[in-house]
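Shown next: model.cif, given as mmCIF, C-alpha atoms and all ligand atoms.
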```cif
data_target
#
loop_
_atom_site.group_PDB
_atom_site.id
_atom_site.type_symbol
_atom_site.label_atom_id
_atom_site.label_comp_id
_atom_site.auth_asym_id
_atom_site.auth_seq_id
_atom_site.Cartn_x
_atom_site.Cartn_y
_atom_site.Cartn_z
ATOM 1 C CA MET F 207 -191.071 67.028 35.497
ATOM 2 C CA GLN F 208 -192.045 63.392 35.320
ATOM 3 C CA GLN F 209 -194.315 62.445 32.449
ATOM 4 C CA SER F 210 -197.522 60.781 33.581
ATOM 5 C CA ASP F 211 -200.884 59.876 32.139
ATOM 6 C CA GLN F 212 -199.851 60.967 28.670
ATOM 7 C CA GLY F 213 -203.027 59.621 27.055
ATOM 8 C CA SER F 214 -205.264 61.902 29.092
ATOM 9 C CA ASP F 215 -204.787 64.823 26.705
ATOM 10 C CA LEU F 216 -207.509 63.165 24.657
ATOM 11 C CA THR F 217 -209.904 63.029 27.593
ATOM 12 C CA ASP F 218 -213.153 64.951 27.258
ATOM 13 C CA LEU F 219 -212.915 67.955 29.601
ATOM 14 C CA GLN F 220 -216.751 68.158 29.720
ATOM 15 C CA THR F 221 -216.797 71.909 29.289
ATOM 16 C CA SER F 222 -220.604 71.892 28.976
ATOM 17 C CA ARG F 223 -221.067 71.280 32.707
ATOM 18 C CA PRO F 224 -219.453 72.989 35.713
ATOM 19 C CA HIS F 225 -216.484 71.308 37.400
ATOM 20 C CA PRO F 226 -215.213 72.007 40.940
ATOM 21 C CA ALA F 227 -211.623 72.727 39.862
ATOM 22 C CA ARG F 228 -212.753 75.372 37.380
ATOM 23 C CA ILE F 229 -215.368 76.991 39.662
ATOM 24 C CA TYR F 230 -212.652 77.365 42.297
ATOM 25 C CA ASP F 231 -210.227 78.673 39.666
ATOM 26 C CA TYR F 232 -212.747 81.409 38.796
ATOM 27 C CA TRP F 233 -213.036 82.504 42.441
ATOM 28 C CA LEU F 234 -209.241 82.680 42.643
ATOM 29 C CA GLY F 235 -209.099 84.926 39.567
ATOM 30 C CA GLY F 236 -207.821 82.213 37.215
ATOM 31 C CA LYS F 237 -208.508 81.935 33.490
ATOM 32 C CA ASP F 238 -208.962 78.164 33.196
ATOM 33 C CA ASN F 239 -212.743 78.074 33.325
ATOM 34 C CA PHE F 240 -215.717 77.942 30.942
ATOM 35 C CA PRO F 241 -219.203 79.570 30.875
ATOM 36 C CA PRO F 242 -220.963 76.848 32.977
ATOM 37 C CA ASP F 243 -218.190 77.138 35.595
ATOM 38 C CA ARG F 244 -218.486 80.922 35.692
ATOM 39 C CA GLU F 245 -222.293 80.733 35.950
ATOM 40 C CA ALA F 246 -222.050 78.391 38.961
ATOM 41 C CA ALA F 247 -219.311 80.489 40.573
ATOM 42 C CA GLU F 248 -221.323 83.694 40.075
ATOM 43 C CA HIS F 249 -224.360 82.059 41.680
ATOM 44 C CA ALA F 250 -222.293 81.525 44.824
ATOM 45 C CA ILE F 251 -221.104 85.146 44.769
ATOM 46 C CA SER F 252 -224.692 86.373 44.389
ATOM 47 C CA VAL F 253 -225.581 84.427 47.555
ATOM 48 C CA SER F 254 -222.543 85.560 49.517
ATOM 49 C CA ALA F 255 -219.980 88.002 48.142
ATOM 50 C CA ASP F 256 -217.275 86.669 50.481
ATOM 51 C CA ILE F 257 -216.995 83.257 48.819
ATOM 52 C CA PRO F 258 -213.979 84.185 46.623
ATOM 53 C CA ALA F 259 -212.310 85.480 49.810
ATOM 54 C CA ALA F 260 -212.991 82.090 51.403
ATOM 55 C CA ALA F 261 -211.178 80.412 48.485
ATOM 56 C CA ARG F 262 -208.207 82.763 48.943
ATOM 57 C CA GLU F 263 -208.170 82.110 52.690
ATOM 58 C CA ASN F 264 -208.140 78.383 51.951
ATOM 59 C CA ARG F 265 -205.004 78.921 49.817
ATOM 60 C CA ALA F 266 -203.479 80.898 52.706
ATOM 61 C CA PHE F 267 -204.219 77.941 55.010
ATOM 62 C CA LEU F 268 -202.425 75.707 52.495
ATOM 63 C CA ARG F 269 -199.357 77.946 52.733
ATOM 64 C CA ARG F 270 -199.353 78.093 56.548
ATOM 65 C CA ALA F 271 -199.905 74.354 56.951
ATOM 66 C CA VAL F 272 -197.289 73.326 54.377
ATOM 67 C CA GLN F 273 -194.770 75.752 55.913
ATOM 68 C CA LEU F 274 -195.492 74.345 59.359
ATOM 69 C CA VAL F 275 -194.843 70.722 58.419
ATOM 70 C CA ALA F 276 -191.926 71.546 56.096
ATOM 71 C CA ARG F 277 -190.236 73.418 58.962
ATOM 72 C CA ALA F 278 -190.932 70.349 61.112
ATOM 73 C CA GLY F 279 -188.881 68.306 58.638
ATOM 74 C CA ILE F 280 -191.396 66.930 56.118
ATOM 75 C CA ARG F 281 -189.851 66.656 52.642
ATOM 76 C CA GLN F 282 -192.528 64.745 50.737
ATOM 77 C CA PHE F 283 -196.120 65.761 50.034
ATOM 78 C CA ILE F 284 -199.154 64.176 48.378
ATOM 79 C CA ASP F 285 -201.774 66.784 47.457
ATOM 80 C CA ILE F 286 -205.054 64.981 46.688
ATOM 81 C CA GLY F 287 -207.736 67.071 44.969
ATOM 82 C CA ALA F 288 -204.946 69.488 44.150
ATOM 83 C CA GLY F 289 -206.965 71.701 41.800
ATOM 84 C CA LEU F 290 -205.667 73.880 38.998
ATOM 85 C CA PRO F 291 -202.297 75.538 39.567
ATOM 86 C CA SER F 292 -202.566 78.793 41.490
ATOM 87 C CA PRO F 293 -199.829 80.972 43.007
ATOM 88 C CA GLY F 294 -198.498 79.393 46.181
ATOM 89 C CA ASN F 295 -198.729 75.794 45.004
ATOM 90 C CA VAL F 296 -197.514 73.182 47.480
ATOM 91 C CA HIS F 297 -194.140 72.656 45.786
ATOM 92 C CA GLN F 298 -193.457 76.393 45.747
ATOM 93 C CA VAL F 299 -194.107 76.689 49.479
ATOM 94 C CA ALA F 300 -192.291 73.468 50.401
ATOM 95 C CA GLN F 301 -189.309 74.153 48.143
ATOM 96 C CA ASP F 302 -188.860 77.554 49.744
ATOM 97 C CA VAL F 303 -187.980 75.558 52.862
ATOM 98 C CA ASP F 304 -186.019 72.861 51.002
ATOM 99 C CA PRO F 305 -185.517 72.969 47.206
ATOM 100 C CA LEU F 306 -185.438 69.170 47.171
ATOM 101 C CA ALA F 307 -188.905 68.743 48.705
ATOM 102 C CA ARG F 308 -190.980 66.375 46.551
ATOM 103 C CA VAL F 309 -194.662 66.791 45.690
ATOM 104 C CA VAL F 310 -197.169 64.483 43.991
ATOM 105 C CA TYR F 311 -200.290 66.315 42.846
ATOM 106 C CA VAL F 312 -203.410 64.195 42.347
ATOM 107 C CA ASP F 313 -206.823 65.151 40.974
ATOM 108 C CA ASN F 314 -209.649 63.297 39.271
ATOM 109 C CA ASP F 315 -210.264 66.127 36.787
ATOM 110 C CA PRO F 316 -208.103 65.699 33.666
ATOM 111 C CA ILE F 317 -207.850 69.469 33.181
ATOM 112 C CA VAL F 318 -205.627 69.582 36.270
ATOM 113 C CA LEU F 319 -203.180 67.188 34.648
ATOM 114 C CA THR F 320 -203.063 69.215 31.440
ATOM 115 C CA HIS F 321 -202.412 72.525 33.180
ATOM 116 C CA GLY F 322 -200.233 71.056 35.900
ATOM 117 C CA ARG F 323 -197.791 69.665 33.362
ATOM 118 C CA ALA F 324 -197.217 73.093 31.888
ATOM 119 C CA LEU F 325 -196.543 74.636 35.283
ATOM 120 C CA LEU F 326 -194.163 71.901 36.377
ATOM 121 C CA SER F 327 -192.265 71.355 33.177
ATOM 122 C CA ASP F 328 -188.903 72.249 34.713
ATOM 123 C CA ASN F 329 -189.445 70.761 38.145
ATOM 124 C CA ARG F 330 -187.899 67.322 38.582
ATOM 125 C CA THR F 331 -189.143 66.903 42.121
ATOM 126 C CA THR F 332 -192.833 67.197 41.299
ATOM 127 C CA THR F 333 -195.402 65.237 39.315
ATOM 128 C CA VAL F 334 -199.130 65.366 38.525
ATOM 129 C CA LEU F 335 -201.313 62.266 38.380
ATOM 130 C CA THR F 336 -204.960 61.613 37.687
ATOM 131 C CA GLY F 337 -206.365 59.730 40.653
ATOM 132 C CA ASP F 338 -209.339 59.622 42.965
ATOM 133 C CA VAL F 339 -209.622 60.109 46.710
ATOM 134 C CA ARG F 340 -212.151 57.251 46.595
ATOM 135 C CA ASP F 341 -209.493 54.820 45.363
ATOM 136 C CA LEU F 342 -206.375 55.410 47.421
ATOM 137 C CA ASP F 343 -205.221 51.787 47.262
ATOM 138 C CA GLU F 344 -204.701 52.259 43.542
ATOM 139 C CA LEU F 345 -203.021 55.624 44.068
ATOM 140 C CA PHE F 346 -200.523 54.464 46.697
ATOM 141 C CA GLU F 347 -199.371 51.667 44.389
ATOM 142 C CA ARG F 348 -198.743 53.931 41.392
ATOM 143 C CA PRO F 349 -195.089 53.707 40.280
ATOM 144 C CA GLU F 350 -195.068 57.449 39.501
ATOM 145 C CA LEU F 351 -196.006 58.167 43.116
ATOM 146 C CA ARG F 352 -193.567 55.646 44.551
ATOM 147 C CA GLU F 353 -190.717 57.151 42.488
ATOM 148 C CA LEU F 354 -191.064 60.418 44.396
ATOM 149 C CA VAL F 355 -192.515 59.341 47.732
ATOM 150 C CA ASP F 356 -190.955 56.833 50.114
ATOM 151 C CA LEU F 357 -193.877 55.599 52.206
ATOM 152 C CA ASP F 358 -191.474 54.346 54.873
ATOM 153 C CA GLU F 359 -190.607 57.994 55.599
ATOM 154 C CA PRO F 360 -192.998 60.650 56.960
ATOM 155 C CA VAL F 361 -195.141 62.410 54.373
ATOM 156 C CA ALA F 362 -197.753 65.162 54.478
ATOM 157 C CA VAL F 363 -201.032 64.290 52.761
ATOM 158 C CA LEU F 364 -203.239 67.241 51.815
ATOM 159 C CA LEU F 365 -207.011 66.867 51.461
ATOM 160 C CA LEU F 366 -207.916 70.527 51.003
ATOM 161 C CA ALA F 367 -211.468 71.363 49.964
ATOM 162 C CA VAL F 368 -212.013 67.903 48.501
ATOM 163 C CA LEU F 369 -213.709 65.582 51.003
ATOM 164 C CA HIS F 370 -216.958 67.579 50.773
ATOM 165 C CA PHE F 371 -217.299 66.073 47.282
ATOM 166 C CA VAL F 372 -217.606 62.507 48.601
ATOM 167 C CA THR F 373 -219.963 60.606 50.925
ATOM 168 C CA ASP F 374 -219.384 60.159 54.673
ATOM 169 C CA GLU F 375 -218.321 56.590 54.110
ATOM 170 C CA GLN F 376 -215.866 57.537 51.344
ATOM 171 C CA ALA F 377 -214.414 60.394 53.397
ATOM 172 C CA HIS F 378 -213.793 58.167 56.429
ATOM 173 C CA GLU F 379 -212.404 55.408 54.252
ATOM 174 C CA ALA F 380 -209.962 57.893 52.658
ATOM 175 C CA VAL F 381 -208.498 59.165 55.931
ATOM 176 C CA ARG F 382 -208.354 55.629 57.335
ATOM 177 C CA ARG F 383 -206.455 54.368 54.268
ATOM 178 C CA ILE F 384 -204.029 57.275 54.483
ATOM 179 C CA HIS F 385 -203.391 56.572 58.164
ATOM 180 C CA GLU F 386 -202.711 52.921 57.363
ATOM 181 C CA ARG F 387 -200.288 53.645 54.546
ATOM 182 C CA VAL F 388 -198.143 56.509 55.879
ATOM 183 C CA ALA F 389 -195.207 56.258 58.287
ATOM 184 C CA PRO F 390 -195.303 57.532 61.900
ATOM 185 C CA GLY F 391 -194.492 61.240 61.960
ATOM 186 C CA SER F 392 -196.690 61.864 58.892
ATOM 187 C CA TYR F 393 -199.300 64.622 58.728
ATOM 188 C CA LEU F 394 -202.839 64.958 57.418
ATOM 189 C CA LEU F 395 -203.747 68.529 56.354
ATOM 190 C CA LEU F 396 -207.446 69.020 55.715
ATOM 191 C CA SER F 397 -210.004 71.711 54.918
ATOM 192 C CA HIS F 398 -213.718 71.236 54.401
ATOM 193 C CA SER F 399 -216.828 73.309 53.599
ATOM 194 C CA THR F 400 -219.438 73.866 56.279
ATOM 195 C CA HIS F 401 -222.871 75.434 56.728
ATOM 196 C CA GLU F 402 -222.261 76.271 60.391
ATOM 197 C CA GLY F 403 -220.726 79.708 59.820
ATOM 198 C CA ASN F 404 -223.524 80.873 57.484
ATOM 199 C CA PRO F 405 -226.615 78.856 58.432
ATOM 200 C CA GLU F 406 -229.076 81.172 56.676
ATOM 201 C CA ARG F 407 -227.234 81.232 53.311
ATOM 202 C CA ALA F 408 -225.612 77.807 53.135
ATOM 203 C CA ALA F 409 -228.428 75.887 51.435
ATOM 204 C CA GLU F 410 -228.623 78.428 48.608
ATOM 205 C CA ALA F 411 -224.816 78.591 48.290
ATOM 206 C CA ALA F 412 -224.677 74.798 48.096
ATOM 207 C CA LYS F 413 -226.774 74.966 44.904
ATOM 208 C CA THR F 414 -223.567 76.203 43.227
ATOM 209 C CA TRP F 415 -222.593 72.535 42.992
ATOM 210 C CA ASP F 416 -225.958 71.143 41.816
ATOM 211 C CA LYS F 417 -224.872 70.655 38.200
ATOM 212 C CA THR F 418 -221.457 69.205 39.024
ATOM 213 C CA ALA F 419 -221.001 65.436 38.979
ATOM 214 C CA SER F 420 -220.527 65.192 42.739
ATOM 215 C CA GLY F 421 -222.668 67.891 44.372
ATOM 216 C CA ILE F 422 -221.419 69.001 47.811
ATOM 217 C CA ARG F 423 -221.842 67.751 51.380
ATOM 218 C CA LEU F 424 -221.445 70.504 53.967
ATOM 219 C CA ARG F 425 -220.347 69.117 57.326
ATOM 220 C CA THR F 426 -220.298 70.251 60.951
ATOM 221 C CA ARG F 427 -217.168 70.908 62.998
ATOM 222 C CA GLU F 428 -217.909 67.691 64.872
ATOM 223 C CA GLN F 429 -218.072 65.708 61.619
ATOM 224 C CA VAL F 430 -214.850 67.257 60.305
ATOM 225 C CA THR F 431 -213.124 66.592 63.636
ATOM 226 C CA ALA F 432 -214.216 62.949 63.410
ATOM 227 C CA LEU F 433 -212.208 62.638 60.178
ATOM 228 C CA PHE F 434 -209.087 62.946 62.372
ATOM 229 C CA ASP F 435 -209.912 59.806 64.368
ATOM 230 C CA GLY F 436 -206.602 58.041 65.028
ATOM 231 C CA TRP F 437 -204.555 61.192 64.302
ATOM 232 C CA GLU F 438 -203.171 63.531 66.962
ATOM 233 C CA LEU F 439 -204.972 66.778 66.195
ATOM 234 C CA LEU F 440 -202.627 69.778 66.293
ATOM 235 C CA GLU F 441 -203.620 72.994 68.089
ATOM 236 C CA PRO F 442 -206.085 74.672 67.719
ATOM 237 C CA GLY F 443 -207.999 71.592 66.536
ATOM 238 C CA VAL F 444 -210.586 72.083 63.798
ATOM 239 C CA ASP F 445 -211.487 75.747 63.383
ATOM 240 C CA PHE F 446 -212.653 78.120 60.653
ATOM 241 C CA VAL F 447 -209.897 78.377 58.041
ATOM 242 C CA PRO F 448 -208.774 81.965 58.782
ATOM 243 C CA LEU F 449 -208.623 81.205 62.511
ATOM 244 C CA TRP F 450 -206.349 78.192 62.126
ATOM 245 C CA ARG F 451 -202.945 79.483 63.284
ATOM 246 C CA PRO F 452 -203.489 82.937 61.748
ATOM 247 C CA GLU F 453 -200.586 85.175 60.872
ATOM 248 C CA GLY F 454 -201.061 88.856 61.621
ATOM 249 C CA SER F 455 -204.536 90.359 61.579
ATOM 250 C CA THR F 456 -207.573 88.103 61.634
ATOM 251 C CA GLU F 457 -210.010 90.862 60.695
ATOM 252 C CA ALA F 458 -210.868 89.494 57.242
ATOM 253 C CA THR F 459 -212.405 86.205 58.230
ATOM 254 C CA THR F 460 -214.851 84.079 56.309
ATOM 255 C CA ARG F 461 -216.788 81.231 57.883
ATOM 256 C CA TRP F 462 -217.317 78.872 54.947
ATOM 257 C CA MET F 463 -214.660 76.281 55.666
ATOM 258 C CA TYR F 464 -213.052 74.410 58.525
ATOM 259 C CA ALA F 465 -209.375 73.471 58.655
ATOM 260 C CA GLY F 466 -207.283 71.118 60.738
ATOM 261 C CA ALA F 467 -204.012 69.227 60.819
ATOM 262 C CA GLY F 468 -203.239 65.857 62.379
ATOM 263 C CA ARG F 469 -200.072 63.864 63.059
ATOM 264 C CA LYS F 470 -199.676 60.093 63.012
ATOM 265 C CA ASN F 471 -197.739 59.052 66.102
HETATM 266 C C1 LIG F 501 -212.199 73.236 45.453
HETATM 267 S S1 LIG F 501 -210.851 72.473 44.600
HETATM 268 C C2 LIG F 501 -209.571 72.549 45.825
HETATM 269 C C3 LIG F 501 -208.168 72.675 45.265
HETATM 270 C C4 LIG F 501 -207.050 72.692 46.295
HETATM 271 N N1 LIG F 501 -207.008 71.434 47.044
HETATM 272 C C5 LIG F 501 -207.185 73.829 47.265
HETATM 273 O O1 LIG F 501 -207.751 73.607 48.355
HETATM 274 O O2 LIG F 501 -206.757 74.937 46.983
HETATM 275 C C6 LIG F 501 -211.329 70.743 44.723
HETATM 276 C C7 LIG F 501 -210.545 69.821 43.810
HETATM 277 O O3 LIG F 501 -210.865 68.465 44.154
HETATM 278 C C8 LIG F 501 -210.982 67.720 42.964
HETATM 279 N N2 LIG F 501 -211.809 66.537 43.244
HETATM 280 C C9 LIG F 501 -213.140 66.469 43.423
HETATM 281 N N3 LIG F 501 -213.510 65.204 43.684
HETATM 282 C C10 LIG F 501 -212.388 64.459 43.683
HETATM 283 C C11 LIG F 501 -212.107 63.070 43.883
HETATM 284 N N4 LIG F 501 -213.107 62.211 44.137
HETATM 285 N N5 LIG F 501 -210.836 62.636 43.801
HETATM 286 C C12 LIG F 501 -209.822 63.514 43.533
HETATM 287 N N6 LIG F 501 -210.017 64.837 43.321
HETATM 288 C C13 LIG F 501 -211.285 65.302 43.397
HETATM 289 C C14 LIG F 501 -211.600 68.673 41.973
HETATM 290 O O4 LIG F 501 -211.370 68.272 40.639
HETATM 291 C C15 LIG F 501 -210.905 69.978 42.341
HETATM 292 O O5 LIG F 501 -209.738 70.159 41.598
#
```
What does the file become when written as structure tokens?
Amino acid sequence: MQQSDQGSDLTDLQTSRPHPARIYDYWLGGKDNFPPDREAAEHAISVSADIPAAARENRAFLRRAVQLVARAGIRQFIDIGAGLPSPGNVHQVAQDVDPLARVVYVDNDPIVLTHGRALLSDNRTTTVLTGDVRDLDELFERPELRELVDLDEPVAVLLLAVLHFVTDEQAHEAVRRIHERVAPGSYLLLSHSTHEGNPERAAEAAKTWDKTASGIRLRTREQVTALFDGWELLEPGVDFVPLWRPEGSTEATTRWMYAGAGRKN
């Protein structure tokens, strides 16, 4: 693995307040979380017991979408808001298709860097960087990213369950910057929380994020679709995560997140 951001080991992980990466880790059955994270995550479960299932379905969307674009020939991936490692990470899915597929993981939470390094210690095609979806100009210029990703070749950029942590303006700016920087034939893979599938419980569920630094912004299907302006939206467009190109049975379906994929022509 490439060595990046070595100094960040000293960064304060702020374990006294909940963080999105660790709340999500708890729902996925991970062990990299602290009492304030667990308290926030349990609040969500008390509002709607299917929220951990929604997190698992989001990971299943990641697998389906990465497989789809890898089989279409994509060999380089930038996963922004990557989260803590969890089975079925992007490099594991992509390298099942081609062992030389390259992945840059990016997150603004330093705990992701710490844990990501351990997971990727024997993987030369993958790196983990601290970076922010609100500052993609800085990210695209990073030498560590440019060592693995050739921006003149198509790339898949993942924004899974991350844009709901930023404002409308920041979300639109992010997808616009990505579109500007990537080569034709590139893909944008996106998932996003919504209130539309659970209108009566969403406001209470959203309180899960009240003590995090960012809070959460639930968006409509129309608003999520608008994030694909300029991209060719793949079938079936933006739909609830489990309904986006499902494999097998669609009986277990949550309605907490939308998913979509777009291609730059
Ligand atoms: C809910 S997790 C999603 C993880 C993974 N993308 C997935 O869908 O399975 C959201 C991640 O986004 C990260 N995040 C939140 N705001 C961010 C920002 N402004 N820039 C980069 N990452 C951010 C959090 O630290 C967290 O790891």
**Item:** Shell around segment 417-431 of chain F at 6 Å using all atoms listed in the file, local window under 5 positions removed, as a list in words
**Value:** Pro224, His225, His370, Phe371, Ser399, Thr400 and His401 of chain F
Those same residues - C-alpha atoms - I'd like them written as a short mmCIF file (atom, residue, chain, number, x, y, z; two decimals), in the coordinates of the input.
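Once everything was written out, this is part.cif:
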```
data_model
loop_
_atom_site.label_atom_id
_atom_site.label_comp_id
_atom_site.auth_asym_id
_atom_site.auth_seq_id
_atom_site.Cartn_x
_atom_site.Cartn_y
_atom_site.Cartn_z
CA PRO F 224 -219.45 72.99 35.71
CA HIS F 225 -216.48 71.31 37.40
CA HIS F 370 -216.96 67.58 50.77
CA PHE F 371 -217.30 66.07 47.28
CA SER F 399 -216.83 73.31 53.60
CA THR F 400 -219.44 73.87 56.28
CA HIS F 401 -222.87 75.43 56.73
#
```
* To do: Report as a PyMOL selection string which protein, DNA and RNA residues come within 9 Å of ligand LIG 501 (chain F), using only C-alpha atoms and all ligand atoms.
  => chain F and resi 225-231+261-262+264-268+285-292+295+312-318+336-341+364-372+396-398+419-420
One decimal place gives the atom CA of Asp302 of chain F-atom CA of Leu325 of chain F separation as 16.6 Å
- Task: Name all residues at most 7 Å from segment 405-414 of chain F (count only C-alpha atoms; drop same-chain ones fewer than 3 positions away) and give them as a PyMOL selection string.
- Result: chain F and resi 246-247+249-250+253+401-402+422
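Proximity ranking of F:Ala377, F:Ala432, F:Leu395, F:Val444 relative to Ile284 of chain F places F:Leu395 first, based on only C-alpha atoms.
Each of F:Lys470, F:Arg451, F:Arg461, F:Arg308 was checked against Leu439 of chain F using all atoms listed in the file; the smallest atom-to-atom distance is that of F:Lys470.
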